[in-house]
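Asker: Just so it is clear, I am handing over work.txt, which has compact mmCIF, C-alpha atoms.
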# COMPACT_ATOMS: atom_id res chain seq x y z
CA MET Q 1 0.00 0.00 0.00
CA LYS Q 2 1.29 3.41 -0.94
CA SER Q 3 2.27 5.74 1.88
CA PRO Q 4 0.38 9.03 2.24
CA ARG Q 5 1.74 12.02 0.36
CA THR Q 6 1.70 15.63 1.45
CA ILE Q 7 0.53 18.02 -1.25
CA PRO Q 8 2.58 21.23 -1.49
CA ALA Q 9 0.65 24.39 -0.77
CA ALA Q 10 -0.28 26.23 -3.95
CA SER Q 11 0.80 29.81 -4.44
CA ASP Q 12 0.60 32.39 -7.17
CA THR Q 13 4.28 31.93 -7.92
CA THR Q 14 4.12 28.16 -8.52
CA THR Q 15 2.22 28.46 -11.81
CA PRO Q 16 3.03 30.37 -15.02
CA LEU Q 17 -0.70 30.81 -15.66
CA LYS Q 18 -2.32 34.06 -14.56
CA LYS Q 19 -4.80 33.88 -11.65
CA ALA Q 20 -7.64 36.02 -12.98
CA LEU Q 21 -10.91 34.16 -12.32
CA THR Q 22 -13.20 35.30 -9.52
CA THR Q 23 -16.19 33.32 -8.20
CA PRO Q 24 -18.73 35.15 -10.44
CA LEU Q 25 -16.57 34.69 -13.55
CA LEU Q 26 -16.10 31.00 -12.77
CA TYR Q 27 -19.85 30.63 -12.15
CA PHE Q 28 -20.64 32.11 -15.56
CA PHE Q 29 -17.88 30.01 -17.16
CA ILE Q 30 -19.51 26.80 -15.92
CA LEU Q 31 -23.06 27.99 -16.56
CA GLY Q 32 -22.18 29.06 -20.09
CA ASP Q 33 -20.55 25.71 -20.83
CA VAL Q 34 -23.49 23.70 -19.48
CA LEU Q 35 -26.17 25.85 -21.12
CA GLY Q 36 -24.86 25.09 -24.59
CA ALA Q 37 -26.46 24.80 -27.99
CA GLY Q 38 -27.76 21.30 -27.22
CA VAL Q 39 -30.71 22.53 -25.20
CA TYR Q 40 -32.22 24.05 -28.33
CA VAL Q 41 -32.65 20.60 -29.89
CA LEU Q 42 -32.68 18.39 -26.79
CA VAL Q 43 -36.29 18.72 -25.70
CA GLY Q 44 -37.75 16.94 -28.71
CA GLN Q 45 -35.30 14.04 -28.45
CA VAL Q 46 -36.03 13.55 -24.75
CA ALA Q 47 -39.78 13.74 -25.42
CA ALA Q 48 -39.44 10.91 -27.95
CA ASP Q 49 -38.07 8.63 -25.23
CA THR Q 50 -40.02 9.91 -22.24
CA GLY Q 51 -43.34 11.39 -23.32
CA GLY Q 52 -44.68 14.77 -22.25
CA ALA Q 53 -43.04 14.71 -18.80
CA VAL Q 54 -39.76 15.98 -20.25
CA TRP Q 55 -38.84 17.65 -16.97
CA VAL Q 56 -38.51 14.30 -15.11
CA PRO Q 57 -35.41 12.91 -16.89
CA LEU Q 58 -33.91 16.41 -16.81
CA VAL Q 59 -34.18 16.47 -13.02
CA VAL Q 60 -32.85 12.90 -12.78
CA ALA Q 61 -29.90 13.82 -15.02
CA LEU Q 62 -29.17 16.84 -12.81
CA CYS Q 63 -29.02 14.64 -9.71
CA LEU Q 64 -26.65 12.20 -11.46
CA ALA Q 65 -24.45 15.06 -12.65
CA LEU Q 66 -24.26 16.49 -9.13
CA LEU Q 67 -22.84 13.17 -7.86
CA THR Q 68 -19.84 13.39 -10.18
CA ALA Q 69 -19.60 17.15 -9.65
CA ALA Q 70 -19.00 16.48 -5.93
CA SER Q 71 -15.92 14.41 -6.80
CA TYR Q 72 -14.68 17.14 -9.14
CA ALA Q 73 -15.17 19.75 -6.41
CA GLU Q 74 -13.11 17.70 -3.96
CA LEU Q 75 -10.29 17.06 -6.40
CA ALA Q 76 -10.19 20.55 -7.93
CA THR Q 77 -9.92 22.21 -4.50
CA LYS Q 78 -7.31 19.69 -3.37
CA TYR Q 79 -5.25 19.80 -6.58
CA PRO Q 80 -5.94 23.18 -8.26
CA ARG Q 81 -3.91 22.46 -11.40
CA ALA Q 82 -4.65 22.53 -15.12
CA GLY Q 83 -5.01 18.98 -16.43
CA GLY Q 84 -8.16 18.11 -14.53
CA ALA Q 85 -9.27 14.48 -14.84
CA SER Q 86 -5.96 13.49 -16.43
CA HIS Q 87 -4.00 14.88 -13.48
CA TYR Q 88 -6.28 13.19 -10.92
CA ALA Q 89 -6.14 9.81 -12.67
CA THR Q 90 -2.36 10.05 -12.95
CA LEU Q 91 -2.03 10.69 -9.20
CA ALA Q 92 -4.44 7.88 -8.33
CA TYR Q 93 -3.55 5.17 -10.85
CA GLY Q 94 -0.43 6.21 -12.75
CA PRO Q 95 0.40 7.59 -16.19
CA PHE Q 96 -1.60 5.02 -18.19
CA ALA Q 97 -4.94 5.91 -16.58
CA GLY Q 98 -3.98 9.59 -16.62
CA PHE Q 99 -3.31 9.49 -20.33
CA LEU Q 100 -6.53 7.57 -21.03
CA ALA Q 101 -8.62 10.08 -19.08
CA GLY Q 102 -6.94 13.00 -20.79
CA PHE Q 103 -7.19 11.35 -24.20
CA CYS Q 104 -10.94 10.81 -23.78
CA MET Q 105 -11.42 14.42 -22.69
CA LEU Q 106 -9.30 15.75 -25.53
CA ALA Q 107 -11.07 13.59 -28.10
CA ALA Q 108 -14.46 14.74 -26.84
CA GLY Q 109 -13.42 18.39 -26.67
CA ILE Q 110 -11.69 18.60 -30.04
CA VAL Q 111 -14.52 16.82 -31.85
CA SER Q 112 -17.06 19.00 -30.06
CA VAL Q 113 -15.36 22.23 -31.17
CA GLY Q 114 -15.11 20.93 -34.74
CA ALA Q 115 -18.77 19.98 -34.75
CA LEU Q 116 -19.77 23.35 -33.30
CA ALA Q 117 -17.77 25.11 -36.02
CA ARG Q 118 -19.76 23.25 -38.66
CA GLY Q 119 -22.95 23.95 -36.72
CA PHE Q 120 -22.16 27.66 -36.71
CA ALA Q 121 -21.80 27.53 -40.49
CA GLY Q 122 -25.13 25.75 -40.96
CA ASP Q 123 -28.82 26.61 -40.98
CA TYR Q 124 -28.75 29.21 -38.20
CA LEU Q 125 -26.20 31.34 -40.05
CA ALA Q 126 -28.09 30.78 -43.30
CA GLU Q 127 -30.96 32.81 -41.84
CA PHE Q 128 -28.73 35.85 -42.31
CA VAL Q 129 -26.05 35.04 -44.91
CA THR Q 130 -24.90 32.07 -47.00
CA LEU Q 131 -21.14 31.41 -46.96
CA PRO Q 132 -18.93 28.37 -47.68
CA VAL Q 133 -18.62 26.08 -44.67
CA ALA Q 134 -14.83 25.95 -44.97
CA LEU Q 135 -14.51 29.74 -44.92
CA VAL Q 136 -16.80 30.11 -41.92
CA ALA Q 137 -14.97 27.34 -40.03
CA VAL Q 138 -11.54 28.91 -40.62
CA VAL Q 139 -12.64 32.41 -39.58
CA PHE Q 140 -14.75 31.13 -36.67
CA LEU Q 141 -12.09 28.92 -35.11
CA GLY Q 142 -9.34 31.44 -35.80
CA ALA Q 143 -11.25 34.17 -33.98
CA LEU Q 144 -11.95 31.90 -31.02
CA ALA Q 145 -8.28 30.87 -30.82
CA LEU Q 146 -7.17 34.51 -30.77
CA LEU Q 147 -9.67 35.32 -28.00
CA ASN Q 148 -8.49 32.27 -26.07
CA ALA Q 149 -4.84 33.30 -26.47
CA ARG Q 150 -5.54 36.90 -25.50
CA GLY Q 151 -6.35 35.90 -21.95
CA ILE Q 152 -8.59 33.86 -19.67
CA SER Q 153 -10.20 36.94 -18.15
CA GLU Q 154 -11.09 38.38 -21.59
CA SER Q 155 -12.49 35.01 -22.70
CA THR Q 156 -14.59 34.57 -19.59
CA ARG Q 157 -15.93 38.13 -19.74
CA ALA Q 158 -17.07 37.46 -23.29
CA ASN Q 159 -18.65 34.30 -21.94
CA VAL Q 160 -20.61 36.31 -19.34
CA VAL Q 161 -22.25 38.35 -22.11
CA ALA Q 162 -22.96 35.25 -24.22
CA THR Q 163 -24.35 33.34 -21.24
CA VAL Q 164 -26.74 36.18 -20.39
CA ILE Q 165 -27.99 36.06 -24.00
CA GLU Q 166 -28.39 32.26 -23.89
CA VAL Q 167 -30.28 32.34 -20.60
CA GLY Q 168 -32.38 35.24 -21.86
CA GLY Q 169 -33.47 33.18 -24.86
CA LEU Q 170 -34.45 30.27 -22.64
CA LEU Q 171 -36.36 32.59 -20.30
CA ILE Q 172 -38.27 33.85 -23.34
CA VAL Q 173 -39.30 30.26 -24.10
CA ILE Q 174 -40.44 29.76 -20.50
CA GLY Q 175 -42.43 33.00 -20.58
CA LEU Q 176 -44.04 32.16 -23.92
CA GLY Q 177 -44.95 28.70 -22.67
CA VAL Q 178 -46.68 30.17 -19.63
CA TRP Q 179 -48.50 32.67 -21.87
CA ILE Q 180 -49.76 29.87 -24.15
CA VAL Q 181 -51.10 27.95 -21.16
CA LEU Q 182 -52.75 31.03 -19.60
CA ARG Q 183 -54.58 31.91 -22.81
CA GLY Q 184 -55.98 28.38 -22.95
CA ASP Q 185 -54.00 26.91 -25.86
CA GLY Q 186 -51.72 24.65 -23.81
CA ASP Q 187 -52.23 21.43 -21.85
CA VAL Q 188 -50.55 21.06 -18.45
CA GLY Q 189 -51.79 17.47 -18.32
CA ARG Q 190 -48.93 16.49 -20.61
CA LEU Q 191 -46.49 17.25 -17.79
CA THR Q 192 -47.49 13.99 -16.07
CA ASP Q 193 -47.47 11.90 -19.25
CA LEU Q 194 -44.55 9.60 -18.49
CA GLY Q 195 -43.83 6.65 -20.76
CA THR Q 196 -44.14 5.68 -24.43
CA PRO Q 197 -45.58 2.67 -26.29
CA GLU Q 198 -42.06 1.20 -26.33
CA HIS Q 199 -41.04 2.04 -22.73
CA GLY Q 200 -42.80 2.00 -19.38
CA PRO Q 201 -42.27 4.87 -16.92
CA VAL Q 202 -39.00 3.59 -15.38
CA ALA Q 203 -37.43 2.59 -18.71
CA ALA Q 204 -38.57 5.89 -20.22
CA VAL Q 205 -36.88 7.90 -17.47
CA LEU Q 206 -33.60 5.98 -17.84
CA SER Q 207 -33.65 6.29 -21.61
CA GLY Q 208 -34.46 9.99 -21.45
CA ALA Q 209 -31.87 10.56 -18.72
CA VAL Q 210 -29.05 9.42 -21.02
CA LEU Q 211 -29.93 12.17 -23.50
CA ALA Q 212 -30.62 14.66 -20.72
CA TYR Q 213 -27.29 13.84 -19.06
CA TYR Q 214 -25.51 15.04 -22.16
CA SER Q 215 -27.07 18.46 -21.64
CA PHE Q 216 -25.29 18.79 -18.28
CA VAL Q 217 -21.80 17.83 -19.40
CA GLY Q 218 -19.52 20.81 -19.60
CA PHE Q 219 -19.10 21.35 -15.87
CA GLU Q 220 -16.06 19.05 -15.96
CA THR Q 221 -14.19 21.47 -18.22
CA SER Q 222 -13.97 24.03 -15.42
CA VAL Q 223 -11.38 22.05 -13.43
CA ASN Q 224 -8.87 22.89 -16.15
CA VAL Q 225 -9.04 26.58 -15.19
CA ALA Q 226 -8.87 25.98 -11.42
CA GLU Q 227 -5.19 26.94 -11.59
CA GLU Q 228 -6.25 30.33 -12.99
CA THR Q 229 -8.82 30.90 -10.20
CA ARG Q 230 -7.81 33.30 -7.44
CA ASP Q 231 -9.15 31.22 -4.54
CA PRO Q 232 -10.17 27.82 -5.93
CA ARG Q 233 -10.79 26.18 -2.54
CA ARG Q 234 -13.48 28.74 -1.78
CA SER Q 235 -14.69 29.71 -5.25
CA TYR Q 236 -14.85 26.43 -7.10
CA PRO Q 237 -17.52 24.51 -5.09
CA ARG Q 238 -19.76 27.58 -4.94
CA ALA Q 239 -19.47 28.26 -8.66
CA LEU Q 240 -19.81 24.60 -9.66
CA PHE Q 241 -22.88 23.66 -7.64
CA GLY Q 242 -24.50 27.06 -8.17
CA ALA Q 243 -24.11 26.82 -11.95
CA LEU Q 244 -25.36 23.22 -12.16
CA ILE Q 245 -28.43 23.93 -10.04
CA THR Q 246 -29.17 27.06 -12.07
CA ALA Q 247 -28.85 25.11 -15.33
CA GLY Q 248 -31.02 22.30 -13.96
CA ALA Q 249 -33.78 24.71 -12.94
CA VAL Q 250 -33.70 26.42 -16.35
CA TYR Q 251 -33.74 23.08 -18.19
CA ALA Q 252 -36.65 21.74 -16.14
CA LEU Q 253 -38.69 24.93 -16.68
CA VAL Q 254 -37.90 24.97 -20.42
CA GLY Q 255 -38.91 21.32 -20.73
CA ALA Q 256 -42.14 21.90 -18.81
CA ALA Q 257 -42.99 25.03 -20.78
CA ALA Q 258 -42.37 23.36 -24.14
CA ALA Q 259 -44.32 20.22 -23.24
CA ALA Q 260 -47.29 22.16 -21.91
CA ALA Q 261 -47.35 24.62 -24.81
CA VAL Q 262 -46.80 22.28 -27.77
CA PRO Q 263 -48.14 18.75 -28.45
CA THR Q 264 -45.57 16.06 -27.74
CA LYS Q 265 -45.71 14.76 -31.32
CA THR Q 266 -44.84 18.22 -32.63
CA LEU Q 267 -41.81 18.43 -30.33
CA VAL Q 268 -40.62 14.97 -31.34
CA GLU Q 269 -40.88 15.69 -35.08
CA SER Q 270 -39.17 19.09 -34.91
CA SER Q 271 -35.42 19.67 -35.25
CA GLY Q 272 -35.93 22.99 -33.45
CA PRO Q 273 -38.44 22.20 -30.70
CA LEU Q 274 -38.06 25.52 -28.88
CA LEU Q 275 -38.80 27.31 -32.12
CA GLU Q 276 -42.18 25.51 -32.10
CA VAL Q 277 -42.99 27.31 -28.85
CA VAL Q 278 -42.13 30.65 -30.46
CA ARG Q 279 -44.32 29.85 -33.46
CA ALA Q 280 -47.21 28.74 -31.26
CA ALA Q 281 -47.03 31.91 -29.17
CA GLY Q 282 -46.59 34.35 -32.04
CA GLY Q 283 -45.27 37.88 -31.76
CA VAL Q 284 -41.56 36.99 -31.54
CA PRO Q 285 -39.45 36.90 -34.74
CA THR Q 286 -38.04 33.43 -35.46
CA GLU Q 287 -34.80 35.12 -36.59
CA LEU Q 288 -34.26 36.10 -32.97
CA PHE Q 289 -33.74 32.46 -32.00
CA SER Q 290 -31.35 31.90 -34.87
CA ALA Q 291 -29.23 34.74 -33.49
CA ILE Q 292 -29.42 33.35 -29.95
CA ALA Q 293 -28.48 29.87 -31.21
CA LEU Q 294 -25.42 31.30 -32.98
CA VAL Q 295 -24.33 32.95 -29.73
CA ALA Q 296 -24.85 29.66 -27.89
CA VAL Q 297 -22.80 27.72 -30.45
CA ALA Q 298 -19.97 30.27 -30.40
CA ASN Q 299 -19.92 30.38 -26.61
CA GLY Q 300 -19.88 26.60 -26.32
CA ALA Q 301 -17.01 26.37 -28.79
CA LEU Q 302 -15.03 29.06 -26.96
CA LEU Q 303 -15.37 27.40 -23.56
CA THR Q 304 -14.67 23.92 -24.90
CA GLY Q 305 -11.63 25.32 -26.72
CA ILE Q 306 -10.38 26.81 -23.46
CA MET Q 307 -10.83 23.43 -21.76
CA SER Q 308 -9.05 21.50 -24.52
CA SER Q 309 -6.05 23.83 -24.58
CA ARG Q 310 -5.66 23.82 -20.77
CA LEU Q 311 -6.04 20.06 -20.68
CA ALA Q 312 -3.36 19.63 -23.34
CA TYR Q 313 -1.12 22.04 -21.41
CA GLY Q 314 -1.65 20.14 -18.16
CA MET Q 315 -1.03 16.74 -19.74
CA ALA Q 316 2.16 18.03 -21.36
CA ARG Q 317 3.35 19.34 -18.00
CA ASP Q 318 2.71 15.87 -16.55
CA ARG Q 319 4.84 14.46 -19.43
CA LEU Q 320 1.86 12.71 -21.00
CA LEU Q 321 2.03 14.81 -24.18
CA PRO Q 322 4.95 16.50 -26.03
CA GLY Q 323 6.69 19.16 -23.98
CA PHE Q 324 6.29 21.97 -26.54
CA LEU Q 325 2.60 22.18 -25.56
CA THR Q 326 3.67 23.81 -22.27
CA LYS Q 327 4.87 26.97 -24.04
CA VAL Q 328 3.15 30.09 -22.66
CA LEU Q 329 2.90 33.62 -24.06
CA PRO Q 330 5.27 35.75 -21.92
CA GLY Q 331 2.93 38.71 -21.51
CA ARG Q 332 -0.48 37.06 -21.60
CA ARG Q 333 0.57 33.89 -19.74
CA THR Q 334 -1.75 31.77 -21.88
CA PRO Q 335 -0.74 28.36 -23.35
CA TRP Q 336 -0.41 29.42 -26.98
CA ALA Q 337 1.10 26.16 -28.24
CA ALA Q 338 -1.72 24.06 -26.77
CA ILE Q 339 -4.30 26.52 -28.16
CA ALA Q 340 -2.76 26.30 -31.64
CA ALA Q 341 -2.56 22.50 -31.61
CA THR Q 342 -6.11 21.84 -30.39
CA THR Q 343 -7.55 24.49 -32.72
CA ALA Q 344 -5.75 22.96 -35.71
CA LEU Q 345 -7.18 19.51 -34.97
CA SER Q 346 -10.69 20.93 -34.55
CA LEU Q 347 -10.32 22.82 -37.82
CA LEU Q 348 -9.21 19.63 -39.59
CA LEU Q 349 -12.35 17.85 -38.38
CA ALA Q 350 -14.55 20.80 -39.32
CA LEU Q 351 -13.10 21.00 -42.83
CA THR Q 352 -13.35 17.28 -43.54
CA GLY Q 353 -16.78 16.99 -41.94
CA ASP Q 354 -15.86 13.59 -40.50
CA VAL Q 355 -17.24 14.33 -37.05
CA SER Q 356 -20.52 12.42 -37.07
CA THR Q 357 -18.83 9.07 -36.40
CA LEU Q 358 -17.25 10.42 -33.20
CA ALA Q 359 -19.97 12.82 -32.06
CA SER Q 360 -22.22 10.02 -30.79
CA THR Q 361 -19.36 8.59 -28.71
CA LEU Q 362 -18.89 11.76 -26.62
CA VAL Q 363 -21.17 10.63 -23.80
CA LEU Q 364 -19.46 7.23 -23.62
CA LEU Q 365 -16.00 8.83 -23.53
CA LEU Q 366 -17.06 11.20 -20.77
CA LEU Q 367 -18.60 8.37 -18.74
CA VAL Q 368 -15.18 6.66 -18.78
CA VAL Q 369 -13.63 9.90 -17.54
CA PHE Q 370 -16.28 10.40 -14.87
CA PHE Q 371 -15.85 6.84 -13.58
CA LEU Q 372 -12.11 7.41 -13.21
CA VAL Q 373 -12.67 10.74 -11.44
CA ASN Q 374 -15.21 9.34 -8.97
CA THR Q 375 -12.96 6.42 -8.02
CA ALA Q 376 -9.85 8.64 -7.94
CA ALA Q 377 -11.56 10.90 -5.39
CA LEU Q 378 -11.70 7.91 -3.04
CA VAL Q 379 -8.20 6.61 -3.79
CA LEU Q 380 -6.55 10.02 -3.32
CA ARG Q 381 -7.91 10.51 0.17
CA ARG Q 382 -4.65 8.92 1.28
CA ASP Q 383 -2.95 12.23 0.39
CA ALA Q 384 -2.70 14.87 3.10
CA ALA Q 385 -3.55 18.38 1.89
CA PRO Q 386 -1.77 21.37 3.51
CA GLN Q 387 -4.94 23.47 3.39
CA ASP Q 388 -8.65 22.90 3.87
CA HIS Q 389 -10.52 21.75 0.80
CA PHE Q 390 -13.99 20.58 -0.13
CA ARG Q 391 -14.64 16.97 0.90
CA ALA Q 392 -17.62 15.11 -0.50
CA PRO Q 393 -19.43 12.56 1.68
CA THR Q 394 -18.03 9.13 0.73
CA VAL Q 395 -21.37 7.91 -0.58
CA LEU Q 396 -21.40 10.54 -3.35
CA PRO Q 397 -18.29 9.34 -5.28
CA VAL Q 398 -19.52 5.76 -4.86
CA LEU Q 399 -22.93 6.61 -6.28
CA GLY Q 400 -21.27 8.76 -8.96
CA ALA Q 401 -19.21 5.79 -10.19
CA ALA Q 402 -22.29 3.54 -10.09
CA SER Q 403 -24.29 6.09 -12.10
CA CYS Q 404 -21.64 6.03 -14.84
CA VAL Q 405 -21.99 2.26 -15.11
CA LEU Q 406 -25.79 2.53 -15.13
CA LEU Q 407 -25.84 5.13 -17.90
CA ALA Q 408 -23.27 3.17 -19.93
CA THR Q 409 -25.65 0.19 -19.99
CA GLN Q 410 -28.24 2.41 -21.71
CA ILE Q 411 -25.93 3.28 -24.62
CA GLU Q 412 -26.55 1.53 -27.92
CA ARG Q 413 -24.29 -1.24 -29.23
CA GLU Q 414 -23.26 0.75 -32.32
CA VAL Q 415 -22.02 3.60 -30.13
CA TRP Q 416 -20.06 1.14 -28.00
CA LEU Q 417 -18.32 -0.16 -31.14
CA ARG Q 418 -17.28 3.34 -32.24
CA GLY Q 419 -16.36 4.42 -28.73
CA GLY Q 420 -14.42 1.21 -28.19
CA ALA Q 421 -12.24 2.01 -31.19
CA VAL Q 422 -11.40 5.44 -29.75
CA LEU Q 423 -10.68 3.91 -26.34
CA LEU Q 424 -8.43 1.29 -27.95
CA VAL Q 425 -6.35 4.00 -29.62
CA GLY Q 426 -6.12 5.84 -26.29
CA ALA Q 427 -5.12 2.64 -24.48
CA VAL Q 428 -2.31 1.89 -26.96
CA LEU Q 429 -0.95 5.43 -26.83
CA GLY Q 430 -1.31 5.43 -23.03
CA ALA Q 431 0.67 2.22 -22.71
CA VAL Q 432 3.48 3.65 -24.87
CA THR Q 433 3.50 6.86 -22.83
CA ALA Q 434 3.61 4.94 -19.53
CA VAL Q 435 6.55 2.80 -20.70
CA ARG Q 436 8.50 5.84 -21.91
CA ARG Q 437 7.86 7.68 -18.67
CA ARG Q 438 9.11 4.78 -16.54
CA ARG Q 439 12.34 4.66 -18.56
CA ARG Q 440 13.10 8.32 -17.89
CA PRO Q 441 15.41 9.10 -14.97
Mind turning this structure into structure tokens?
Answerer:
Amino acid sequence: MKSPRTIPAASDTTTPLKKALTTPLLYFFILGDVLGAGVYVLVGQVAADTGGAVWVPLVVALCLALLTAASYAELATKYPRAGGASHYATLAYGPFAGFLAGFCMLAAGIVSVGALARGFAGDYLAEFVTLPVALVAVVFLGALALLNARGISESTRANVVATVIEVGGLLIVIGLGVWIVLRGDGDVGRLTDLGTPEHGPVAAVLSGAVLAYYSFVGFETSVNVAEETRDPRRSYPRALFGALITAGAVYALVGAAAAAAVPTKTLVESSGPLLEVVRAAGGVPTELFSAIALVAVANGALLTGIMSSRLAYGMARDRLLPGFLTKVLPGRRTPWAAIAATTALSLLLALTGDVSTLASTLVLLLLVVFFLVNTAALVLRRDAAPQDHFRAPTVLPVLGAASCVLLATQIEREVWLRGGAVLLVGAVLGAVTAVRRRRRP
């Protein structure tokens, strides 16, 4: 059994990254990442699996996300370093698990940014102007990379504005849904309609919760900026739980408003279910939601790009990726090499369009990461921290790990085959990295 380690106290001089994030900025960072573009298409997909009671799997997914968030809060306040899940898995299990966790996060993040770049160039933008996808992707990702490199405080302040716009759009949907019900055109009875012809109530909730769970991912990216937070031991738990609960409340209200305002069949058949609420209410231009969706896509890509670059930087510092990725701009103190590398890979995916085969594996990849994080939180309790940090009740990491296994059993076989291929690549590269690291003096 390994002997306990004492973690060195963190200080502003032990990291080349600038400590610029306050609790409000971190709160909006997490909220903006969770309230991404997915919510604008999610409601109809959840309704197809659940029925009119869309809010139920959303609440269940929130509870499951909070279990894993508790482990992240403990680890991020105990080890406030860029690298996140990769760093925790490395400390708990060694370089192989650390590389696998980081590889899964990087794969998910890079593919996500590439997909969002293509999404930005799609139908929402076509409401205003028609441009080649390649041109839009190059300009879009280039602008985000420059904002990312300019500084974490500038990026997160831009995120505050974008998050306010995103939340404002969702509040409009909630208000319009209430208006439709009050004028007698809605049906609140649909809010208790749980189950479909294919699934009973329990199976419907589990099936819907898998889709709903995807809407809450994004909170895990915030651990990669803990090193740039002024007081992570105090700020991080408050920002994390506050943002998740806020997002959960907004999601549940949006789901309830949409289900009560619009027939379930209409939501299921629509690729823009929230737009159906706007059409049913009348009086609000549909172009408004196209603009809001573009802001949501851009904001999600910016925050995921920040996560990917910080994760690559942290893994390189842990000698799990090439050392040149640790290069930092002297004045800005941002990891420019990691930003350039992750942006280039996302651009490659966006230009080739070969993202659909990996996009459906994102949830599976993140469940692997979350399982490692939940178990690492328990393993790393052998380490003695020099300062107070958040400590989750033991039952929460245990239930968090169990929830990952439960949700993984609900994922389709085809997704497992694609995800398994990605995991196999990560396992091979991780084994090579672990061997090389052991050979170093």
Asker: With all atoms listed in the file as the basis for distance, which of Q:Asp49, Q:Gly420, Q:Gly400, Q:Val111 is at the shortest distance from Val202 of chain Q?
Answerer: Q:Asp49
Asker: Any idea what's packed within 8 Å of Arg238 of chain Q, counting all atoms listed in the file, ignoring anything in its chain fewer than 3 positions away? Could you give it as JSON, numbers by chain?
Answerer: {"Q": [23, 27, 234, 235, 241, 242]}
Asker: Can you tell me which residues surround Ser207 of chain Q at a distance of at most 8 Å, considering all atoms listed in the file, apart from same-chain residues fewer than 4 positions away, and format the answer as a compact mmCIF listing (two decimals) with C-alpha atoms, in the frame of the given file?
Answerer:
# COMPACT_ATOMS: atom_id res chain seq x y z
CA ASP Q 49 -38.07 8.63 -25.23
CA THR Q 50 -40.02 9.91 -22.24
CA ALA Q 203 -37.43 2.59 -18.71
CA LEU Q 211 -29.93 12.17 -23.50
CA GLN Q 410 -28.24 2.41 -21.71
Asker: Using atom CA of Gly168 of chain Q and atom CA of Leu302 of chain Q as the two end points, give the distance in Å to one decimal.
Answerer: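 Between atom CA of Gly168 of chain Q and atom CA of Leu302 of chain Q the gap is 19.1 Å.
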Asker: Given the choices Q:Thr68, Q:Thr343, Q:Thr352, Q:Asn299, which gets closest to Leu35 of chain Q if the distance is worked out from all atoms listed in the file?
Answerer: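 Ranked by minimum distance to Leu35 of chain Q, first place goes to Q:Asn299.
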Asker: Env of Gly175 of chain Q: 10 Å cut, atoms = all atoms listed in the file, seq-sep filter 6 positions within chain, self excluded. Answer as a list in words.
Answerer: Gly169, Leu253, Val254, Ala257 and Ala281 of chain Q
Asker: Quick one: of Q:Leu399, Q:Leu125, Q:Leu372, Q:Ala209, who's nearest to Phe96 of chain Q, counting all atoms listed in the file?
Answerer: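 Checking each candidate against Phe96 of chain Q, we get Q:Leu372 as the closest.
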Asker: What is the atom CA of Gly282 of chain Q-atom CA of Val188 of chain Q distance in Å, reported with one decimal?
Answerer: 19.4 Å
Asker: Just the number, please: distance in Å from atom CA of Leu135 of chain Q to atom CA of Thr163 of chain Q, one decimal.
Answerer: 25.9 Å
Asker: Using only C-alpha atoms - which residues lie no farther than 10 Å from the point (-22.3, 11.3, -7.0) in the file's frame? Write them as a list in words.
Answerer: Cys63, Leu64, Ala65, Leu66, Leu67, Thr68, Ala69, Ala70, Ser71, Tyr72, Phe370, Asn374, Ala392, Pro393, Thr394, Val395, Leu396, Pro397, Val398, Leu399, Gly400, Ala401, Ala402, Ser403 and Cys404 of chain Q
Asker: Would you be able to write out as a ChimeraX atom specification which residues have an atom within 10 Å of (-13.8, 19.0, -19.1) in the file's coordinates, counting all atoms listed in the file?
Answerer: /Q:33,83-86,102,104-106,108-109,217-225,303-304,306-308,310-311,366,369-370
Asker: Which of these, Q:Leu275, Q:Val432, Q:Ala341, Q:Ala101, has the shortest distance to Leu365 of chain Q once you count all atoms listed in the file?
Answerer: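 Distance minimum relative to Leu365 of chain Q lands on Q:Ala101.
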Asker: Determine, counting only C-alpha atoms, which protein, DNA and RNA residues have an atom within 6 Å of an atom of Ala53 of chain Q; residues of the same chain fewer than 6 positions away are not included. Present the result as a PDB file with C-alpha atoms, keeping the file's coordinate frame.
Answerer:
ATOM      1  CA  LEU Q 191     -46.490  17.250 -17.790  1.00  0.00           C
ATOM      2  CA  THR Q 192     -47.490  13.990 -16.070  1.00  0.00           C
ATOM      3  CA  ASP Q 193     -47.470  11.900 -19.250  1.00  0.00           C
ATOM      4  CA  LEU Q 194     -44.550   9.600 -18.490  1.00  0.00           C
TER       5      LEU Q 194
END
Asker: Find, counting all atoms listed in the file, the residue in Q:Ala89, Q:Ala431, Q:Ala259, Q:Leu182 that gets nearest to Pro273 of chain Q.
Answerer: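 Nearest candidate to Pro273 of chain Q out of Q:Ala89, Q:Ala431, Q:Ala259, Q:Leu182: Q:Ala259.
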Asker: Hey, which of Q:Pro80, Q:Gly419, Q:Gly142, Q:Gly323 ends up closest to Leu347 of chain Q? Count all atoms listed in the file.
Answerer: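 Of all the options, Q:Gly142 lies closest to Leu347 of chain Q.
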Asker: If we count all atoms listed in the file, what is near segment 115-121 of chain Q at a cut-off of 9 Å, once residues fewer than 2 positions away on the same chain are taken out, given as a ChimeraX atom specification?
Answerer: /Q:37,110-113,123-126,130-138,140-141,293-294,297-298,300-301,346-347,349-351,353,355-356,359
